[in-house]
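Here's data-v4.cif, which has mmCIF, C-alpha atoms and all ligand atoms:
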data_data
loop_
_atom_site.group_PDB
_atom_site.id
_atom_site.type_symbol
_atom_site.label_atom_id
_atom_site.label_comp_id
_atom_site.auth_asym_id
_atom_site.auth_seq_id
_atom_site.Cartn_x
_atom_site.Cartn_y
_atom_site.Cartn_z
ATOM 1 C CA LEU A 5 -36.195 97.338 15.227
ATOM 2 C CA LEU A 6 -35.983 93.594 15.819
ATOM 3 C CA PRO A 7 -38.452 91.408 13.837
ATOM 4 C CA LEU A 8 -40.434 90.381 16.943
ATOM 5 C CA GLN A 9 -39.997 93.573 18.962
ATOM 6 C CA ASP A 10 -42.874 94.069 21.461
ATOM 7 C CA LYS A 11 -44.330 90.635 20.605
ATOM 8 C CA VAL A 12 -45.209 87.987 23.180
ATOM 9 C CA ALA A 13 -44.690 84.288 22.472
ATOM 10 C CA LEU A 14 -45.664 81.113 24.317
ATOM 11 C CA VAL A 15 -43.632 77.993 23.564
ATOM 12 C CA THR A 16 -45.038 74.786 25.024
ATOM 13 C CA GLY A 17 -42.413 72.298 26.192
ATOM 14 C CA GLY A 18 -39.787 75.028 26.153
ATOM 15 C CA SER A 19 -37.391 73.852 28.827
ATOM 16 C CA ARG A 20 -35.229 71.637 26.623
ATOM 17 C CA GLY A 21 -34.623 70.585 23.030
ATOM 18 C CA ILE A 22 -36.449 72.202 20.113
ATOM 19 C CA GLY A 23 -38.703 74.214 22.442
ATOM 20 C CA ALA A 24 -35.810 75.756 24.370
ATOM 21 C CA ALA A 25 -33.948 76.620 21.161
ATOM 22 C CA THR A 26 -37.137 78.184 19.803
ATOM 23 C CA ALA A 27 -37.763 80.210 22.960
ATOM 24 C CA LEU A 28 -34.231 81.618 22.818
ATOM 25 C CA ARG A 29 -34.413 82.338 19.100
ATOM 26 C CA LEU A 30 -37.712 84.226 19.479
ATOM 27 C CA ALA A 31 -36.226 86.194 22.386
ATOM 28 C CA ARG A 32 -33.185 87.074 20.261
ATOM 29 C CA GLU A 33 -35.608 88.433 17.661
ATOM 30 C CA GLY A 34 -37.180 90.677 20.290
ATOM 31 C CA ALA A 35 -40.079 88.712 21.800
ATOM 32 C CA ASP A 36 -40.940 88.248 25.435
ATOM 33 C CA VAL A 37 -41.285 84.495 25.900
ATOM 34 C CA ALA A 38 -43.246 82.215 28.212
ATOM 35 C CA ILE A 39 -42.482 78.496 28.206
ATOM 36 C CA THR A 40 -44.234 75.485 29.677
ATOM 37 C CA TYR A 41 -42.687 72.396 31.195
ATOM 38 C CA VAL A 42 -43.768 69.535 33.440
ATOM 39 C CA ARG A 43 -40.835 67.793 35.060
ATOM 40 C CA ASP A 44 -37.684 69.877 34.934
ATOM 41 C CA LYS A 45 -38.201 73.183 36.761
ATOM 42 C CA ASP A 46 -34.466 73.928 36.888
ATOM 43 C CA ALA A 47 -34.110 73.559 33.119
ATOM 44 C CA ALA A 48 -37.159 75.789 32.579
ATOM 45 C CA GLU A 49 -35.795 78.462 34.906
ATOM 46 C CA ASP A 50 -32.443 78.297 33.133
ATOM 47 C CA VAL A 51 -34.157 79.044 29.815
ATOM 48 C CA VAL A 52 -35.952 81.991 31.462
ATOM 49 C CA ARG A 53 -32.614 83.323 32.726
ATOM 50 C CA ARG A 54 -31.176 83.079 29.211
ATOM 51 C CA VAL A 55 -34.225 84.887 27.779
ATOM 52 C CA GLU A 56 -33.781 87.628 30.384
ATOM 53 C CA ALA A 57 -30.062 87.868 29.600
ATOM 54 C CA LEU A 58 -31.132 88.802 26.074
ATOM 55 C CA GLY A 59 -33.055 91.741 27.528
ATOM 56 C CA ARG A 60 -36.505 90.204 27.187
ATOM 57 C CA ARG A 61 -39.072 89.098 29.748
ATOM 58 C CA GLY A 62 -39.235 85.345 30.380
ATOM 59 C CA LEU A 63 -41.699 83.171 32.275
ATOM 60 C CA ALA A 64 -41.689 79.464 33.151
ATOM 61 C CA LEU A 65 -45.120 77.892 33.576
ATOM 62 C CA ARG A 66 -45.653 74.407 34.898
ATOM 63 C CA ALA A 67 -48.484 73.229 32.643
ATOM 64 C CA ASP A 68 -49.009 69.647 31.535
ATOM 65 C CA ALA A 69 -50.074 69.474 27.891
ATOM 66 C CA ALA A 70 -51.924 66.266 28.790
ATOM 67 C CA ASP A 71 -54.229 68.146 31.167
ATOM 68 C CA ALA A 72 -57.410 69.593 29.663
ATOM 69 C CA THR A 73 -57.281 72.604 31.981
ATOM 70 C CA GLU A 74 -53.545 73.257 32.173
ATOM 71 C CA ALA A 75 -52.904 73.130 28.411
ATOM 72 C CA PRO A 76 -55.216 76.055 27.536
ATOM 73 C CA GLY A 77 -54.546 77.623 30.949
ATOM 74 C CA ALA A 78 -50.946 78.380 29.966
ATOM 75 C CA VAL A 79 -52.268 80.739 27.298
ATOM 76 C CA GLY A 80 -54.308 82.717 29.822
ATOM 77 C CA ARG A 81 -51.393 82.797 32.286
ATOM 78 C CA THR A 82 -49.121 84.211 29.562
ATOM 79 C CA VAL A 83 -51.615 86.958 28.756
ATOM 80 C CA ASP A 84 -52.048 87.701 32.490
ATOM 81 C CA ALA A 85 -48.279 88.091 32.887
ATOM 82 C CA PHE A 86 -47.348 89.887 29.664
ATOM 83 C CA GLY A 87 -50.606 91.574 28.671
ATOM 84 C CA ARG A 88 -50.967 90.005 25.226
ATOM 85 C CA LEU A 89 -50.152 87.005 23.040
ATOM 86 C CA ASP A 90 -48.834 87.168 19.485
ATOM 87 C CA VAL A 91 -47.226 83.780 18.836
ATOM 88 C CA LEU A 92 -48.138 80.299 20.071
ATOM 89 C CA VAL A 93 -45.622 77.553 19.366
ATOM 90 C CA ASN A 94 -47.175 74.136 19.985
ATOM 91 C CA ASN A 95 -44.011 72.142 20.639
ATOM 92 C CA ALA A 96 -44.749 69.929 23.654
ATOM 93 C CA GLY A 97 -44.984 66.369 22.489
ATOM 94 C CA ALA A 98 -44.659 62.809 23.677
ATOM 95 C CA GLY A 99 -42.561 60.365 21.676
ATOM 96 C CA LEU A 100 -44.311 57.061 22.249
ATOM 97 C CA LEU A 101 -42.966 54.605 19.695
ATOM 98 C CA GLY A 102 -43.385 50.853 19.697
ATOM 99 C CA PRO A 103 -44.827 47.856 17.857
ATOM 100 C CA LEU A 104 -48.580 48.031 17.249
ATOM 101 C CA ASP A 105 -49.390 45.030 19.437
ATOM 102 C CA THR A 106 -47.628 46.547 22.465
ATOM 103 C CA LEU A 107 -49.661 49.767 22.532
ATOM 104 C CA SER A 108 -52.367 49.822 25.199
ATOM 105 C CA PRO A 109 -55.496 51.980 25.218
ATOM 106 C CA ALA A 110 -53.800 53.995 27.975
ATOM 107 C CA ASP A 111 -50.809 54.593 25.673
ATOM 108 C CA VAL A 112 -53.175 55.791 22.963
ATOM 109 C CA ASP A 113 -54.931 58.161 25.372
ATOM 110 C CA ARG A 114 -51.660 59.501 26.743
ATOM 111 C CA LEU A 115 -50.154 60.178 23.319
ATOM 112 C CA LEU A 116 -53.301 61.757 21.914
ATOM 113 C CA HIS A 117 -53.894 63.854 25.024
ATOM 114 C CA VAL A 118 -50.406 65.388 24.937
ATOM 115 C CA ASN A 119 -49.807 65.646 21.202
ATOM 116 C CA VAL A 120 -53.304 66.318 19.898
ATOM 117 C CA ARG A 121 -55.773 67.428 22.567
ATOM 118 C CA GLY A 122 -53.233 69.669 24.314
ATOM 119 C CA THR A 123 -52.316 71.281 21.008
ATOM 120 C CA PHE A 124 -55.966 71.698 20.051
ATOM 121 C CA LEU A 125 -56.938 73.280 23.380
ATOM 122 C CA ALA A 126 -53.923 75.604 23.493
ATOM 123 C CA SER A 127 -54.634 76.701 19.918
ATOM 124 C CA GLN A 128 -58.300 77.284 20.751
ATOM 125 C CA ALA A 129 -57.361 79.383 23.769
ATOM 126 C CA ALA A 130 -54.783 81.308 21.737
ATOM 127 C CA ALA A 131 -57.250 81.950 18.919
ATOM 128 C CA ALA A 132 -59.479 83.748 21.415
ATOM 129 C CA ARG A 133 -56.655 86.125 22.348
ATOM 130 C CA LEU A 134 -54.495 86.603 19.239
ATOM 131 C CA GLY A 135 -54.862 89.817 17.303
ATOM 132 C CA HIS A 136 -54.125 90.687 13.664
ATOM 133 C CA GLY A 137 -50.691 89.307 12.807
ATOM 134 C CA GLY A 138 -51.063 86.456 15.295
ATOM 135 C CA ARG A 139 -49.256 83.200 14.682
ATOM 136 C CA ILE A 140 -49.929 79.559 15.576
ATOM 137 C CA ILE A 141 -46.929 77.364 14.759
ATOM 138 C CA THR A 142 -47.095 73.665 15.509
ATOM 139 C CA ILE A 143 -44.255 71.160 15.624
ATOM 140 C CA GLY A 144 -45.274 68.072 13.677
ATOM 141 C CA SER A 145 -42.881 65.365 12.522
ATOM 142 C CA CYS A 146 -41.183 63.952 9.444
ATOM 143 C CA MET A 147 -43.203 60.818 10.289
ATOM 144 C CA THR A 148 -46.271 62.559 8.852
ATOM 145 C CA GLN A 149 -44.511 62.653 5.466
ATOM 146 C CA ARG A 150 -42.807 59.289 5.466
ATOM 147 C CA VAL A 151 -42.880 56.465 7.997
ATOM 148 C CA PRO A 152 -39.603 54.711 7.252
ATOM 149 C CA GLY A 153 -40.222 51.537 9.263
ATOM 150 C CA PRO A 154 -42.419 49.832 11.850
ATOM 151 C CA GLY A 155 -43.105 51.161 15.339
ATOM 152 C CA GLY A 156 -44.469 54.586 14.493
ATOM 153 C CA THR A 157 -48.190 53.861 14.234
ATOM 154 C CA LEU A 158 -49.357 55.791 17.279
ATOM 155 C CA TYR A 159 -46.872 58.644 16.956
ATOM 156 C CA ALA A 160 -47.616 59.174 13.249
ATOM 157 C CA THR A 161 -51.357 59.074 13.967
ATOM 158 C CA GLY A 162 -51.107 61.872 16.495
ATOM 159 C CA LYS A 163 -48.696 64.034 14.534
ATOM 160 C CA SER A 164 -50.710 63.668 11.327
ATOM 161 C CA ALA A 165 -53.791 64.974 13.141
ATOM 162 C CA LEU A 166 -51.869 68.196 13.697
ATOM 163 C CA THR A 167 -51.648 68.783 9.938
ATOM 164 C CA GLY A 168 -55.454 68.695 9.754
ATOM 165 C CA LEU A 169 -55.652 71.011 12.744
ATOM 166 C CA THR A 170 -53.214 73.441 11.119
ATOM 167 C CA LYS A 171 -55.024 73.627 7.786
ATOM 168 C CA ALA A 172 -58.408 74.051 9.457
ATOM 169 C CA LEU A 173 -57.061 76.736 11.803
ATOM 170 C CA ALA A 174 -55.678 78.616 8.807
ATOM 171 C CA ARG A 175 -59.183 78.666 7.293
ATOM 172 C CA GLU A 176 -60.824 79.526 10.609
ATOM 173 C CA LEU A 177 -58.495 82.429 11.446
ATOM 174 C CA GLY A 178 -57.407 83.745 8.060
ATOM 175 C CA ASP A 179 -59.869 86.617 7.970
ATOM 176 C CA ARG A 180 -58.429 87.892 11.260
ATOM 177 C CA GLY A 181 -54.909 88.089 9.824
ATOM 178 C CA ILE A 182 -53.752 85.113 11.888
ATOM 179 C CA THR A 183 -51.675 82.361 10.286
ATOM 180 C CA ALA A 184 -51.298 78.700 11.256
ATOM 181 C CA ASN A 185 -48.452 76.536 9.987
ATOM 182 C CA ILE A 186 -46.768 73.256 10.863
ATOM 183 C CA VAL A 187 -43.067 72.433 10.895
ATOM 184 C CA HIS A 188 -41.978 68.836 10.430
ATOM 185 C CA PRO A 189 -38.563 68.147 11.978
ATOM 186 C CA GLY A 190 -36.487 65.210 10.858
ATOM 187 C CA PRO A 191 -34.161 63.521 13.335
ATOM 188 C CA ILE A 192 -33.076 66.320 15.669
ATOM 189 C CA ASP A 193 -30.451 65.876 18.363
ATOM 190 C CA THR A 194 -32.366 66.306 21.665
ATOM 191 C CA ASP A 195 -32.990 64.348 24.854
ATOM 192 C CA MET A 196 -35.951 62.714 23.074
ATOM 193 C CA ASN A 197 -33.810 61.587 20.138
ATOM 194 C CA PRO A 198 -30.089 61.832 20.935
ATOM 195 C CA ALA A 199 -27.703 61.780 17.971
ATOM 196 C CA ASP A 200 -25.672 59.116 19.805
ATOM 197 C CA GLY A 201 -28.717 56.929 20.581
ATOM 198 C CA PRO A 202 -29.159 53.307 19.477
ATOM 199 C CA TYR A 203 -31.250 54.159 16.364
ATOM 200 C CA ALA A 204 -29.390 57.340 15.461
ATOM 201 C CA ALA A 205 -27.212 56.027 12.642
ATOM 202 C CA ASP A 206 -30.239 54.489 10.886
ATOM 203 C CA GLN A 207 -32.149 57.771 11.138
ATOM 204 C CA ALA A 208 -29.246 59.819 9.818
ATOM 205 C CA ALA A 209 -28.911 57.406 6.900
ATOM 206 C CA LEU A 210 -32.578 58.047 5.968
ATOM 207 C CA THR A 211 -31.866 61.733 5.352
ATOM 208 C CA ALA A 212 -30.341 63.263 2.235
ATOM 209 C CA ALA A 213 -28.047 65.342 4.446
ATOM 210 C CA GLY A 214 -26.757 62.186 6.114
ATOM 211 C CA ARG A 215 -26.856 63.665 9.585
ATOM 212 C CA PHE A 216 -29.049 64.700 12.502
ATOM 213 C CA GLY A 217 -30.329 68.260 12.570
ATOM 214 C CA THR A 218 -29.986 70.679 15.456
ATOM 215 C CA ALA A 219 -32.750 72.262 17.512
ATOM 216 C CA ASP A 220 -31.528 75.660 16.260
ATOM 217 C CA GLU A 221 -32.157 74.574 12.666
ATOM 218 C CA VAL A 222 -35.818 73.975 13.531
ATOM 219 C CA ALA A 223 -36.040 77.173 15.601
ATOM 220 C CA SER A 224 -34.920 79.197 12.615
ATOM 221 C CA MET A 225 -37.935 78.040 10.563
ATOM 222 C CA VAL A 226 -40.265 78.797 13.475
ATOM 223 C CA ALA A 227 -38.763 82.291 13.765
ATOM 224 C CA TYR A 228 -39.373 82.922 10.067
ATOM 225 C CA LEU A 229 -43.016 81.825 10.367
ATOM 226 C CA ALA A 230 -43.466 83.985 13.479
ATOM 227 C CA GLY A 231 -42.330 87.145 11.735
ATOM 228 C CA ALA A 232 -44.195 89.717 9.665
ATOM 229 C CA GLU A 233 -42.460 88.526 6.474
ATOM 230 C CA ALA A 234 -44.471 85.280 6.637
ATOM 231 C CA ALA A 235 -47.873 87.022 6.668
ATOM 232 C CA TYR A 236 -48.947 85.331 3.408
ATOM 233 C CA VAL A 237 -47.784 81.879 4.526
ATOM 234 C CA THR A 238 -50.587 79.899 6.148
ATOM 235 C CA GLY A 239 -52.049 76.412 6.295
ATOM 236 C CA ALA A 240 -48.699 75.111 5.090
ATOM 237 C CA GLU A 241 -46.287 72.332 6.024
ATOM 238 C CA PHE A 242 -42.529 72.882 6.264
ATOM 239 C CA ALA A 243 -40.081 70.018 6.467
ATOM 240 C CA VAL A 244 -36.854 70.744 8.322
ATOM 241 C CA ASP A 245 -35.719 67.183 7.939
ATOM 242 C CA GLY A 246 -32.435 67.036 6.039
ATOM 243 C CA GLY A 247 -34.353 65.521 3.120
ATOM 244 C CA HIS A 248 -35.918 62.660 5.102
ATOM 245 C CA ALA A 249 -39.056 62.973 2.947
ATOM 246 C CA ALA A 250 -37.218 63.449 -0.341
HETATM 247 P P1 LIG B 301 -37.365 66.865 24.335
HETATM 248 O O1 LIG B 301 -37.771 65.614 25.014
HETATM 249 O O2 LIG B 301 -35.926 67.174 24.160
HETATM 250 O O3 LIG B 301 -38.061 68.113 25.067
HETATM 251 C C1 LIG B 301 -39.429 68.062 25.335
HETATM 252 C C2 LIG B 301 -39.854 69.331 26.014
HETATM 253 O O4 LIG B 301 -41.260 69.286 26.225
HETATM 254 C C3 LIG B 301 -39.237 69.526 27.362
HETATM 255 O O5 LIG B 301 -39.097 70.914 27.586
HETATM 256 C C4 LIG B 301 -40.273 68.908 28.292
HETATM 257 O O6 LIG B 301 -40.151 69.461 29.586
HETATM 258 C C5 LIG B 301 -41.562 69.334 27.623
HETATM 259 N N1 LIG B 301 -42.689 68.444 27.848
HETATM 260 C C6 LIG B 301 -42.721 67.093 27.752
HETATM 261 N N2 LIG B 301 -43.944 66.625 28.011
HETATM 262 C C7 LIG B 301 -44.712 67.717 28.266
HETATM 263 C C8 LIG B 301 -46.080 67.898 28.619
HETATM 264 N N3 LIG B 301 -46.909 66.850 28.776
HETATM 265 N N4 LIG B 301 -46.532 69.165 28.821
HETATM 266 C C9 LIG B 301 -45.701 70.230 28.714
HETATM 267 N N5 LIG B 301 -44.404 70.114 28.387
HETATM 268 C C10 LIG B 301 -43.923 68.875 28.178
HETATM 269 O O7 LIG B 301 -38.119 66.818 22.917
HETATM 270 P P2 LIG B 301 -37.757 67.441 21.486
HETATM 271 O O8 LIG B 301 -37.237 68.815 21.647
HETATM 272 O O9 LIG B 301 -36.995 66.437 20.731
HETATM 273 O O10 LIG B 301 -39.209 67.484 20.830
HETATM 274 C C11 LIG B 301 -39.989 68.655 20.719
HETATM 275 C C12 LIG B 301 -41.102 68.412 19.716
HETATM 276 O O11 LIG B 301 -40.532 68.063 18.458
HETATM 277 C C13 LIG B 301 -42.042 67.268 20.083
HETATM 278 O O12 LIG B 301 -43.364 67.618 19.722
HETATM 279 C C14 LIG B 301 -41.540 66.119 19.230
HETATM 280 O O13 LIG B 301 -42.539 65.180 18.972
HETATM 281 C C15 LIG B 301 -41.117 66.873 17.981
HETATM 282 N N6 LIG B 301 -40.166 66.164 17.137
HETATM 283 C C16 LIG B 301 -38.918 65.860 17.591
HETATM 284 C C17 LIG B 301 -38.038 65.180 16.757
HETATM 285 C C18 LIG B 301 -36.655 64.812 17.190
HETATM 286 O O14 LIG B 301 -35.981 64.071 16.457
HETATM 287 N N7 LIG B 301 -36.160 65.269 18.321
HETATM 288 C C19 LIG B 301 -38.426 64.788 15.397
HETATM 289 C C20 LIG B 301 -39.747 65.190 15.013
HETATM 290 C C21 LIG B 301 -40.572 65.851 15.866
HETATM 291 P P3 LIG B 301 -40.183 68.544 30.926
HETATM 292 O O15 LIG B 301 -39.427 67.293 30.634
HETATM 293 O O16 LIG B 301 -39.600 69.368 31.996
HETATM 294 O O17 LIG B 301 -41.620 68.282 31.170
#
Would you mind writing the file out in structure tokens?
Ligand code: NDP
Amino acid sequence: LLPLQDKVALVTGGSRGIGAATALRLAREGADVAITYVRDKDAAEDVVRRVEALGRRGLALRADAADATEAPGAVGRTVDAFGRLDVLVNNAGAGLLGPLDTLSPADVDRLLHVNVRGTFLASQAAAARLGHGGRIITIGSCMTQRVPGPGGTLYATGKSALTGLTKALARELGDRGITANIVHPGPIDTDMNPADGPYAADQAALTAAGRFGTADEVASMVAYLAGAEAAYVTGAEFAVDGGHAA
């Protein structure tokens, strides 16, 4: 029996990067997987095809994490399609970096709507549907542990809120056998943060490993937290950051 056999997972922002790697990893471990996306339908459908090639059911949902109806709505649509929900991975996130004096109120709203409100509302909707053994796994950031330079004020604000959300969810849902944990990636080679980008060498130098991580290296931690072996792990933070916080 595979670790996630007969489980259903929803991965927000699952068409590329860490979310896509996570969706595929959970499918390899036996889960049926729904993903959300906003812009790139082709990429989302490609992930679904790869999930199906692994023998699992896949589903691509266009659902903007910034939208107060669509973010929780993706949870209901997953349950409608697959009959249940066992694992929510809150991965969708905006990467709005920049000097403090350049950030407008609209930037603040946008970042907090995607990274915080969307995660809150999806978690709330999932909590209403998860059964015993349910999992809420949120993708935070190494910037919640250590902000290595200027420009991260807004991003670190939003991501740090997710640590509070995670700990409070663990307390709220613990007596139902549901865990909530947060994974903090370091610099990970994705479209959002390419390993050949202009700031890549500086980021790699801030890690103990001296390199970027891969989306699969984050997905592997998410898969562990999703499984039955992690039943006693809740309200906790996990850095997958190459030692960025060390
Ligand atoms: P990518 O930009 O590579 O992928 C983002 C994914 O999220 C895509 O599938 C995108 O699909 C989807 N997405 C974007 N906006 C929304 C939205 N409003 N609603 C729903 N889906 C959305 O990002 P990463 O894989 O790098 O990042 C994933 C998570 O990891 C984010 O929360 C990010 O903050 C976090 N993180 C990343 C780090 C890194 O170095 N890469 C480091 C630390 C944290 P589409 O474009 O089609 O809408």
Self-check item: Within-6 Å residues of ligand LIG 301 (chain B), basis only C-alpha atoms and all ligand atoms, as JSON, numbers by chain
Solution: {"A": [16, 17, 18, 19, 20, 21, 22, 23, 40, 41, 42, 43, 44, 67, 68, 69, 70, 95, 96, 97, 98, 99, 118, 143, 144, 145, 146, 189, 190, 191, 192, 193, 194, 195, 196, 197]}
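Residue nearest Arg53 (chain A), chosen from A:Ala213, A:Ala130, A:Ala24, A:Ala75 and counting all atoms listed in the file: A:Ala24.
What the PyMOL selection byres (((chain A and resi 78) around 9) and not hetatm) grabs from this file is Leu14, Thr16, Ala38, Ile39, Thr40, Leu65, Arg66, Ala67, Thr73, Glu74, Ala75, Pro76, Gly77, Val79, Gly80, Arg81, Thr82, Val83, Ala126 and Ala129 of chain A.
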Practice problem: Just say which residues the PyMOL selection byres (((chain A and resi 138) around 12) and not hetatm) picks in this file, as number ranges by chain. | Solution: A: 8, 11-14, 88-93, 127, 130-137, 139-141, 173-174, 177-185, 229-232, 234-235, 238
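With CA of Ala35 (chain A) on one side and CA of Gln9 (chain A) on the other, the separation reads 5.6 Å.
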